[in-house]
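Here is the structure we will look at, set down as structure tokens.
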Amino acid sequence: MTTTSIDQPVAVVTGAARGIGYAIAEWFLAHRYRVALMDYEAETLQQAAEKLSSQGAVMPLHCDVSDADSVAVAIGQIDAKWGRIDALVNNAGIAIFKPLLETSFDEWRSVLATNLDGVFLCSQACAAIMKRQGSGSIVNIASISGLRASTLRVAYGTSKAAVIHLTKQYAVELGTLGIRVNAVAPGPVDTEMAKLVHSPEIRRDYHDAIPLERYGSCEEIANAVGFLCLPEAGYVNGQVLAVDGGFDAAGVGLPTLREAQRGN
């Protein structure tokens, strides 16, 4: 039986039903946080909550992070039940990988609404509670695609670049309130989605381009996120931590994707 107290810290993780978000929720539970799981996919969210509940106190919240009212209701429920938020991880995101000239405005807006508006809305709502406490940590999941341009990522890469700047903007403005804001920029991660959409050729290209010659794991991203929320990272603010096996240091540009683009 899991016991909780009003002093037990609370973490909010968006996009928590699967992949990196799920691994981050596991990290927080392993470090004795209570965890609010926010996700747009209600059925998958409930399944995740049932699995994680054996590890500690969890609160599943069906939420569209791109909708201000939905976010306000979800964060309000957390505040009403637990009365505090110590960490927020803005992980929810979507990706549309299409050539620039084939990306519709609706697709562009859809990606920006979730990946950028969602970070703004959730951070604003949680920061109000953190301000009341005088402390808190926000970690935004950006991407290597936000640091360097690459093929088929006009909407996704731009949204993540904007998240990186928004991270710095929040860090400057919220630091005086005792709230630290940082970003983690994952390189290729071996999620279930990556396994489905990355062809053997693309996987080979990534292995060739990454000095560590492999994909990262969800757990490795979660470890980096968790560190940024700990007191040990108490003087880290406004930073972008690339967790990418050296991918950004080595440069980007996948031959297979470039060849596919030439053939269109």
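Note on naming: chains are A, B, ... as they come in the structure tokens, residues start from 1 per chain, ligands start from 1 in the order shown.
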
task: Can you pull out every residue within 10 Å of Leu174 of chain A, counting only C-alpha atoms, but drop anything in the same chain fewer than 6 positions away, and send it as a VMD selection string?
output: chain A and resid 127 130 to 131 135 to 137 168 180 to 181 237

message: Env of Gly19 of chain A: 7 Å cut, atoms = only C-alpha atoms, seq-sep filter 2 positions within chain, self excluded. Answer as a list in words.
response: Gly21, Tyr22, Ala23, Thr191 and Cys218 of chain A

Contacts of Glu50 of chain A at 12 Å or less, counting only C-alpha atoms, minus same-chain residues fewer than 6 places along, as a compact mmCIF listing (two decimals) with C-alpha atoms, in the first residue's frame?
```txt
# COMPACT_ATOMS: atom_id res chain seq x y z
CA ALA A 17 0.52 7.78 -21.66
CA LEU A 37 -0.49 12.16 -15.97
CA GLU A 43 -7.99 5.03 -23.29
CA THR A 44 -4.19 4.82 -23.47
CA GLY A 56 2.84 5.31 -6.27
CA ALA A 57 0.13 7.95 -6.31
CA VAL A 58 -0.98 8.91 -9.83
CA MET A 59 -3.75 11.12 -11.19
CA PRO A 60 -4.78 10.57 -14.83
```

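Between atom CA of Asp64 of chain A and atom CA of Leu116 of chain A the separation is 12.7 Å.
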
Counting only C-alpha atoms, give me one row per residue of segment 150-241 of chain A with an atom at most 6 Å from an atom of segment 91-105 of chain A, showing the shortest contact pair and its distance in Å to one decimal, sorted by chain then residue number, as a Markdown table.
```
| residue | atom | partner | partner_atom | distance |
| --- | --- | --- | --- | --- |
| A:Leu152 | CA | A:Lys98 | CA | 4.8 |
| A:Arg153 | CA | A:Phe97 | CA | 5.5 |
| A:Val154 | CA | A:Leu100 | CA | 6.0 |
| A:Tyr156 | CA | A:Ala95 | CA | 5.6 |
```

message: List the spatial neighbours of Asn223 of chain A as an MDAnalysis selection string - criterion: any atom at most 12 Å away, only C-alpha atoms, same-chain residues fewer than 6 positions off excluded.
response: chainID A and resid 20:21 23:28 30:31 184 186 216:217 229:230 241 243

- request: Quick one: everything within 7 Å of Ala185 of chain A, counting only C-alpha atoms, minus sequence neighbours fewer than 5 positions away in the same chain. Send it as a list in words.
  value: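 Non-adjacent residues within range: Ile141, Ala142, Ser143, Ile144, Val240, Leu241, Ala242 and Val243 of chain A.
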
query: Got a sec: who's within 8 Å of Pro211 of chain A, counting only C-alpha atoms, leaving out chain neighbours fewer than 2 positions off, as a ChimeraX atom specification?
result: /A:207-209,213,245-247,250

- prompt: Looking only at the backbone, which of the residues in segment 19-71 of chain A does DSSP tag as strand (DSSP E or B), as a VMD selection string?
  reply: chain A and resid 34 to 39 58 to 62

Would you mind exporting the chosen residues as a PDB file, in the first residue's frame, restricted to N, CA and C atoms?
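What follows is the written file part-v9.pdb:
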```
ATOM      1  N   ARG A  34       4.400  12.263  -6.255  1.00  0.00           N
ATOM      2  CA  ARG A  34       3.064  12.000  -6.760  1.00  0.00           C
ATOM      3  C   ARG A  34       3.036  12.550  -8.186  1.00  0.00           C
ATOM      4  N   VAL A  35       2.356  11.861  -9.099  1.00  0.00           N
ATOM      5  CA  VAL A  35       2.453  12.235 -10.510  1.00  0.00           C
ATOM      6  C   VAL A  35       1.078  12.401 -11.139  1.00  0.00           C
ATOM      7  N   ALA A  36       0.869  13.563 -11.750  1.00  0.00           N
ATOM      8  CA  ALA A  36      -0.321  13.804 -12.560  1.00  0.00           C
ATOM      9  C   ALA A  36       0.028  13.499 -14.004  1.00  0.00           C
ATOM     10  N   LEU A  37      -0.716  12.580 -14.591  1.00  0.00           N
ATOM     11  CA  LEU A  37      -0.490  12.156 -15.973  1.00  0.00           C
ATOM     12  C   LEU A  37      -1.502  12.853 -16.866  1.00  0.00           C
ATOM     13  N   MET A  38      -1.031  13.672 -17.784  1.00  0.00           N
ATOM     14  CA  MET A  38      -1.921  14.363 -18.707  1.00  0.00           C
ATOM     15  C   MET A  38      -1.702  13.833 -20.119  1.00  0.00           C
ATOM     16  N   ASP A  39      -2.801  13.512 -20.793  1.00  0.00           N
ATOM     17  CA  ASP A  39      -2.682  13.004 -22.164  1.00  0.00           C
ATOM     18  C   ASP A  39      -4.008  13.198 -22.889  1.00  0.00           C
ATOM     19  N   VAL A  58      -0.856   8.306  -8.509  1.00  0.00           N
ATOM     20  CA  VAL A  58      -0.978   8.905  -9.834  1.00  0.00           C
ATOM     21  C   VAL A  58      -2.382   9.466 -10.021  1.00  0.00           C
ATOM     22  N   MET A  59      -2.476  10.494 -10.850  1.00  0.00           N
ATOM     23  CA  MET A  59      -3.751  11.118 -11.188  1.00  0.00           C
ATOM     24  C   MET A  59      -3.835  11.256 -12.704  1.00  0.00           C
ATOM     25  N   PRO A  60      -4.632  10.426 -13.387  1.00  0.00           N
ATOM     26  CA  PRO A  60      -4.778  10.570 -14.827  1.00  0.00           C
ATOM     27  C   PRO A  60      -5.738  11.704 -15.172  1.00  0.00           C
ATOM     28  N   LEU A  61      -5.337  12.548 -16.118  1.00  0.00           N
ATOM     29  CA  LEU A  61      -6.155  13.691 -16.508  1.00  0.00           C
ATOM     30  C   LEU A  61      -6.219  13.759 -18.034  1.00  0.00           C
ATOM     31  N   HIS A  62      -7.400  13.536 -18.562  1.00  0.00           N
ATOM     32  CA  HIS A  62      -7.588  13.663 -20.010  1.00  0.00           C
ATOM     33  C   HIS A  62      -7.556  15.143 -20.366  1.00  0.00           C
TER      34      HIS A  62
END
```

query: By how many Å are atom CA of Gln77 of chain A and atom CA of Gly226 of chain A apart?
result: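 The value is 23.4 Å.
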
- prompt: When DSSP works through the backbone of this structure, what residues of segment 97-149 of chain A end up as alpha helix (DSSP H), shown as a PyMOL selection string?
  reply: chain A and resi 105-112+118-133

task: Could you give me, as a PyMOL selection string, the residues within 8 Å of Pro188 of chain A, counting only C-alpha atoms and dropping anything in the same chain fewer than 5 positions from it?
output: chain A and resi 206+215-216+244
